[in-house]
Amino acid sequence: MGRAVTARPCGLLVVGDVVTDVVALHRTPLAPGTDTAAAIRTVPGGAGANVACWAAYGGCPDVRLLGRVGADSAAWHEAALTRAGVRPRLVIDPREPTGTVICLVDAGAAAERTFLSDNGASLRISPADWSPSLLDGVARLHLSGYLFFAAASRAAAAEALASARARGVPVSVDPASAGFLARLGVARFLAAVEGVETLVPSRAEAQLLTGLPDPAAAACMLSRRFPSVVVKLGTDGALVAWGGEVRGRIPAVPARARDSTGAGDAFTGALLAALLGGAGLVDAAAQGCGAGARAVERTGGRPPEAAER
């Protein structure tokens with residue numbers, strides 16, 4: 001009688017924020033003290049949740065998400081995540097509502113956005129919400145950078161990172177916000193993410209973390225601290241570095257930008273799906289660029305649902 005074959009873990013677990021995005025696309029400059037016409041949509045969002053949805057959209061067959069929401073919209077968010085192919089584990093906060101982000105999007109050529117963030121329940125995730133058993137069947141853990149910007153969620157991220165390292169599960173982190181990162185402090189952030197395998201910063205975040213204006217030099221410096229680094233450059237594509245050298249320069253995929261909200265999350269989700277599918281880091285980053293291009297052509301930070309495809 002032959003030996004039983006143990007299935008190889010293939011799951012992706014994302015720990016991060018689940019929020020409600022109110023996206024306002026305006027074609028004229030904001031007019032203080034009076035009205036500015038805008039197209040306004042309320043959509044599910046959150047960097048962690050967006051990454052999970054784009055990973056599922058990118059073909060990862062087992063995507064899970066741990067996040068914290070308020071009772072006000074828990075069912076709505078759970079349904080949206082489930083439709084996207086994600087298995088949500090949403091902890092309902094007894095005190096705070098679901099976080100809300102107002103995304104002011106200049107609908108000009110760059111579709112640049114400004115965020116007004118009320119974290120609500122999202123950053124109240126705590127070590128009590130974590131269990132090492134959440135890693136059962138998981139091949140990769142991804143931590144949203146927003147977790148590191150509040151004490152409770154930073155402690156939860158530390159627990160998750162320690163559990164993953166104990167099991168030999170690789171961990172990735174997207175620093176998420178240059179503004180919040182500057183307020184936390186570079187040294188505190190780097191200490192908190194010690195032991196992470198893959199860092200996926202934006203250009204601004206890479207520059208802030210290193211003090212270097214050139215993103216290639218910043219990528220090289222970061223790759224001496226982390227085994228692999230992928231720097232997202234928006235319309236300039238992406239850089240891949242490891243061992244102190246840039247190993248790949250990936251061009252951006254042309255797109256007609258409508259809303260850049262969640263483009264970086266789309267990149268990261270597709271990158272992780274490709275890595276779990278066996279792609280090398282450079283090829284995975286190319287998949288990320290493709291997803292980022294698809295994301296900016298949509299309103300909000302999520303991929304198309306089945307009915308839209």
# chains A, B, ... in the order shown; residues from 1 in each chain; ligands from 1

call {"tool": "residues_around", "arguments": {"residues": "stretch 278-285 of chain A", "least_positions_apart": "6", "cutoff": "7 Å", "atoms": "only C-alpha atoms", "output": "PyMOL selection string"}}
result
chain A and resi 240+248+271

call {"tool": "residues_around", "arguments": {"residues": "A:Arg225", "least_positions_apart": "6", "cutoff": "10 Å", "atoms": "only C-alpha atoms", "output": "PyMOL selection string"}}
result
chain A and resi 190+194-197+199+242-244

call {"tool": "residues_around", "arguments": {"residues": "A:Ser117", "least_positions_apart": "2", "cutoff": "7 Å", "atoms": "only C-alpha atoms", "output": "compact mmCIF listing (two decimals) with N, CA, C and O atoms, in the first residue's frame"}}
result
# COMPACT_ATOMS: atom_id res chain seq x y z
N THR A 100 -13.62 54.09 6.94
CA THR A 100 -14.09 54.76 5.72
C THR A 100 -12.97 55.62 5.16
O THR A 100 -12.27 56.30 5.91
N VAL A 101 -12.79 55.56 3.86
CA VAL A 101 -11.82 56.41 3.18
C VAL A 101 -12.53 57.19 2.09
O VAL A 101 -13.23 56.61 1.26
N ILE A 102 -12.39 58.51 2.13
CA ILE A 102 -12.91 59.35 1.05
C ILE A 102 -11.76 59.56 0.06
O ILE A 102 -10.69 60.05 0.43
N PHE A 115 -6.47 60.95 -0.23
CA PHE A 115 -7.29 60.17 0.68
C PHE A 115 -7.57 60.93 1.98
O PHE A 115 -6.67 61.56 2.55
N ASN A 119 -9.89 55.33 10.08
CA ASN A 119 -9.55 53.91 10.15
C ASN A 119 -10.62 53.06 10.80
O ASN A 119 -10.73 51.86 10.52

call {"tool": "residues_around", "arguments": {"residues": "A:Ala38", "least_positions_apart": "4", "cutoff": "7 Å", "atoms": "only C-alpha atoms", "output": "PDB file with all heavy atoms, in the first residue's frame"}}
result
ATOM      1  N   ALA A  24     -14.822  60.011  -5.131  1.00  0.00           N
ATOM      2  CA  ALA A  24     -15.386  61.196  -5.793  1.00  0.00           C
ATOM      3  C   ALA A  24     -14.463  61.609  -6.931  1.00  0.00           C
ATOM      4  O   ALA A  24     -13.341  62.057  -6.701  1.00  0.00           O
ATOM      5  CB  ALA A  24     -15.537  62.337  -4.790  1.00  0.00           C
ATOM      6  N   LEU A  25     -14.933  61.416  -8.177  1.00  0.00           N
ATOM      7  CA  LEU A  25     -14.153  61.796  -9.353  1.00  0.00           C
ATOM      8  C   LEU A  25     -14.588  63.189  -9.800  1.00  0.00           C
ATOM      9  O   LEU A  25     -15.749  63.380 -10.199  1.00  0.00           O
ATOM     10  CB  LEU A  25     -14.363  60.792 -10.493  1.00  0.00           C
ATOM     11  CG  LEU A  25     -13.748  59.408 -10.299  1.00  0.00           C
ATOM     12  CD1 LEU A  25     -14.713  58.466  -9.605  1.00  0.00           C
ATOM     13  CD2 LEU A  25     -13.345  58.816 -11.641  1.00  0.00           C
ATOM     14  N   HIS A  26     -13.678  64.151  -9.734  1.00  0.00           N
ATOM     15  CA  HIS A  26     -13.995  65.520 -10.123  1.00  0.00           C
ATOM     16  C   HIS A  26     -13.105  65.943 -11.286  1.00  0.00           C
ATOM     17  O   HIS A  26     -11.904  65.668 -11.306  1.00  0.00           O
ATOM     18  CB  HIS A  26     -13.828  66.477  -8.934  1.00  0.00           C
ATOM     19  CG  HIS A  26     -12.465  66.464  -8.318  1.00  0.00           C
ATOM     20  ND1 HIS A  26     -11.474  67.355  -8.671  1.00  0.00           N
ATOM     21  CD2 HIS A  26     -11.922  65.655  -7.375  1.00  0.00           C
ATOM     22  CE1 HIS A  26     -10.387  67.109  -7.960  1.00  0.00           C
ATOM     23  NE2 HIS A  26     -10.624  66.081  -7.180  1.00  0.00           N
TER      24      HIS A  26
END

call {"tool": "residues_around", "arguments": {"residues": "A:Pro127", "least_positions_apart": "2", "cutoff": "7 Å", "atoms": "only C-alpha atoms", "output": "ChimeraX atom specification"}}
result
/A:129-130,155-156,159

call {"tool": "residues_around", "arguments": {"residues": "A:Cys289", "least_positions_apart": "4", "cutoff": "10 Å", "atoms": "only C-alpha atoms", "output": "number ranges by chain"}}
result
A: 232-238, 250-254, 263-264, 266-268, 270-271, 283-285, 293-295

call {"tool": "residues_around", "arguments": {"residues": "stretch 51-56 of chain A", "least_positions_apart": "6", "cutoff": "8 Å", "atoms": "only C-alpha atoms", "output": "VMD selection string"}}
result
chain A and resid 14 62 to 65 81 84 to 86 265 to 266 268 to 273 291 302 to 303

call {"tool": "select_by_dssp", "arguments": {"residues": "stretch 5-233 of chain A", "states": "strand (DSSP E)", "output": "MDAnalysis selection string"}}
result
chainID A and resid 11:15 19:26 39:45 63:70 86:93 99:106 113:118 138:144 171:174 198:199 228:232

call {"tool": "closest_atom_pairs", "arguments": {"of": "stretch 53-143 of chain A", "to": "stretch 172-182 of chain A", "cutoff": "9 Å", "atoms": "only C-alpha atoms", "output": "CSV"}}
result
residue,atom,partner,partner_atom,distance
A:Arg140,CA,A:Ser172,CA,7.8
A:Leu141,CA,A:Ser172,CA,6.4
A:His142,CA,A:Ser172,CA,4.8
A:Leu143,CA,A:Val173,CA,5.0

call {"tool": "write_last_selection", "arguments": {"atoms": "all heavy atoms", "output": "PDB file, in the first residue's frame"}}
result
ATOM      1  N   ARG A 140       1.909  31.443   1.591  1.00  0.00           N
ATOM      2  CA  ARG A 140       2.423  32.811   1.700  1.00  0.00           C
ATOM      3  C   ARG A 140       1.519  33.627   2.609  1.00  0.00           C
ATOM      4  O   ARG A 140       0.296  33.471   2.569  1.00  0.00           O
ATOM      5  CB  ARG A 140       2.493  33.513   0.328  1.00  0.00           C
ATOM      6  CG  ARG A 140       3.726  33.169  -0.471  1.00  0.00           C
ATOM      7  CD  ARG A 140       3.865  34.058  -1.702  1.00  0.00           C
ATOM      8  NE  ARG A 140       5.170  33.848  -2.299  1.00  0.00           N
ATOM      9  CZ  ARG A 140       6.257  34.542  -1.992  1.00  0.00           C
ATOM     10  NH1 ARG A 140       6.184  35.517  -1.114  1.00  0.00           N
ATOM     11  NH2 ARG A 140       7.406  34.270  -2.554  1.00  0.00           N
ATOM     12  N   LEU A 141       2.144  34.513   3.385  1.00  0.00           N
ATOM     13  CA  LEU A 141       1.419  35.465   4.217  1.00  0.00           C
ATOM     14  C   LEU A 141       1.739  36.863   3.725  1.00  0.00           C
ATOM     15  O   LEU A 141       2.908  37.199   3.510  1.00  0.00           O
ATOM     16  CB  LEU A 141       1.851  35.328   5.683  1.00  0.00           C
ATOM     17  CG  LEU A 141       1.373  36.420   6.649  1.00  0.00           C
ATOM     18  CD1 LEU A 141      -0.140  36.354   6.833  1.00  0.00           C
ATOM     19  CD2 LEU A 141       2.071  36.277   8.007  1.00  0.00           C
ATOM     20  N   HIS A 142       0.697  37.677   3.551  1.00  0.00           N
ATOM     21  CA  HIS A 142       0.913  39.074   3.173  1.00  0.00           C
ATOM     22  C   HIS A 142       0.318  39.964   4.241  1.00  0.00           C
ATOM     23  O   HIS A 142      -0.846  39.785   4.650  1.00  0.00           O
ATOM     24  CB  HIS A 142       0.259  39.396   1.827  1.00  0.00           C
ATOM     25  CG  HIS A 142       0.429  40.828   1.439  1.00  0.00           C
ATOM     26  ND1 HIS A 142       1.625  41.346   0.990  1.00  0.00           N
ATOM     27  CD2 HIS A 142      -0.447  41.881   1.471  1.00  0.00           C
ATOM     28  CE1 HIS A 142       1.498  42.628   0.745  1.00  0.00           C
ATOM     29  NE2 HIS A 142       0.250  42.988   1.042  1.00  0.00           N
ATOM     30  N   LEU A 143       1.098  40.944   4.689  1.00  0.00           N
ATOM     31  CA  LEU A 143       0.663  41.892   5.707  1.00  0.00           C
ATOM     32  C   LEU A 143       0.527  43.269   5.077  1.00  0.00           C
ATOM     33  O   LEU A 143       1.485  43.797   4.506  1.00  0.00           O
ATOM     34  CB  LEU A 143       1.680  41.956   6.856  1.00  0.00           C
ATOM     35  CG  LEU A 143       1.964  40.640   7.577  1.00  0.00           C
ATOM     36  CD1 LEU A 143       3.076  40.835   8.610  1.00  0.00           C
ATOM     37  CD2 LEU A 143       0.701  40.104   8.246  1.00  0.00           C
TER      38      LEU A 143
END

call {"tool": "select_by_dssp", "arguments": {"residues": "stretch 116-282 of chain A", "states": "helix (DSSP H, G or I)", "output": "MDAnalysis selection string"}}
result
chainID A and resid 122:124 127:129 132:135 145:149 151:167 178:184 186:192 203:210 215:222 234:236 263:276 281:282

call {"tool": "closest_residue", "arguments": {"among": "A:Pro88, A:Arg249, A:Ser126, A:Thr210", "to": "A:Gly185", "atoms": "only C-alpha atoms"}}
result
A:Thr210

call {"tool": "closest_residue", "arguments": {"among": "A:Leu90, A:Val200, A:Val193, A:Ala31", "to": "A:Arg165", "atoms": "only C-alpha atoms"}}
result
A:Val193

call {"tool": "atom_distance", "arguments": {"atom1": "atom CA of A:Ala150", "atom2": "atom CA of A:Leu184"}}
result
8.8 Å
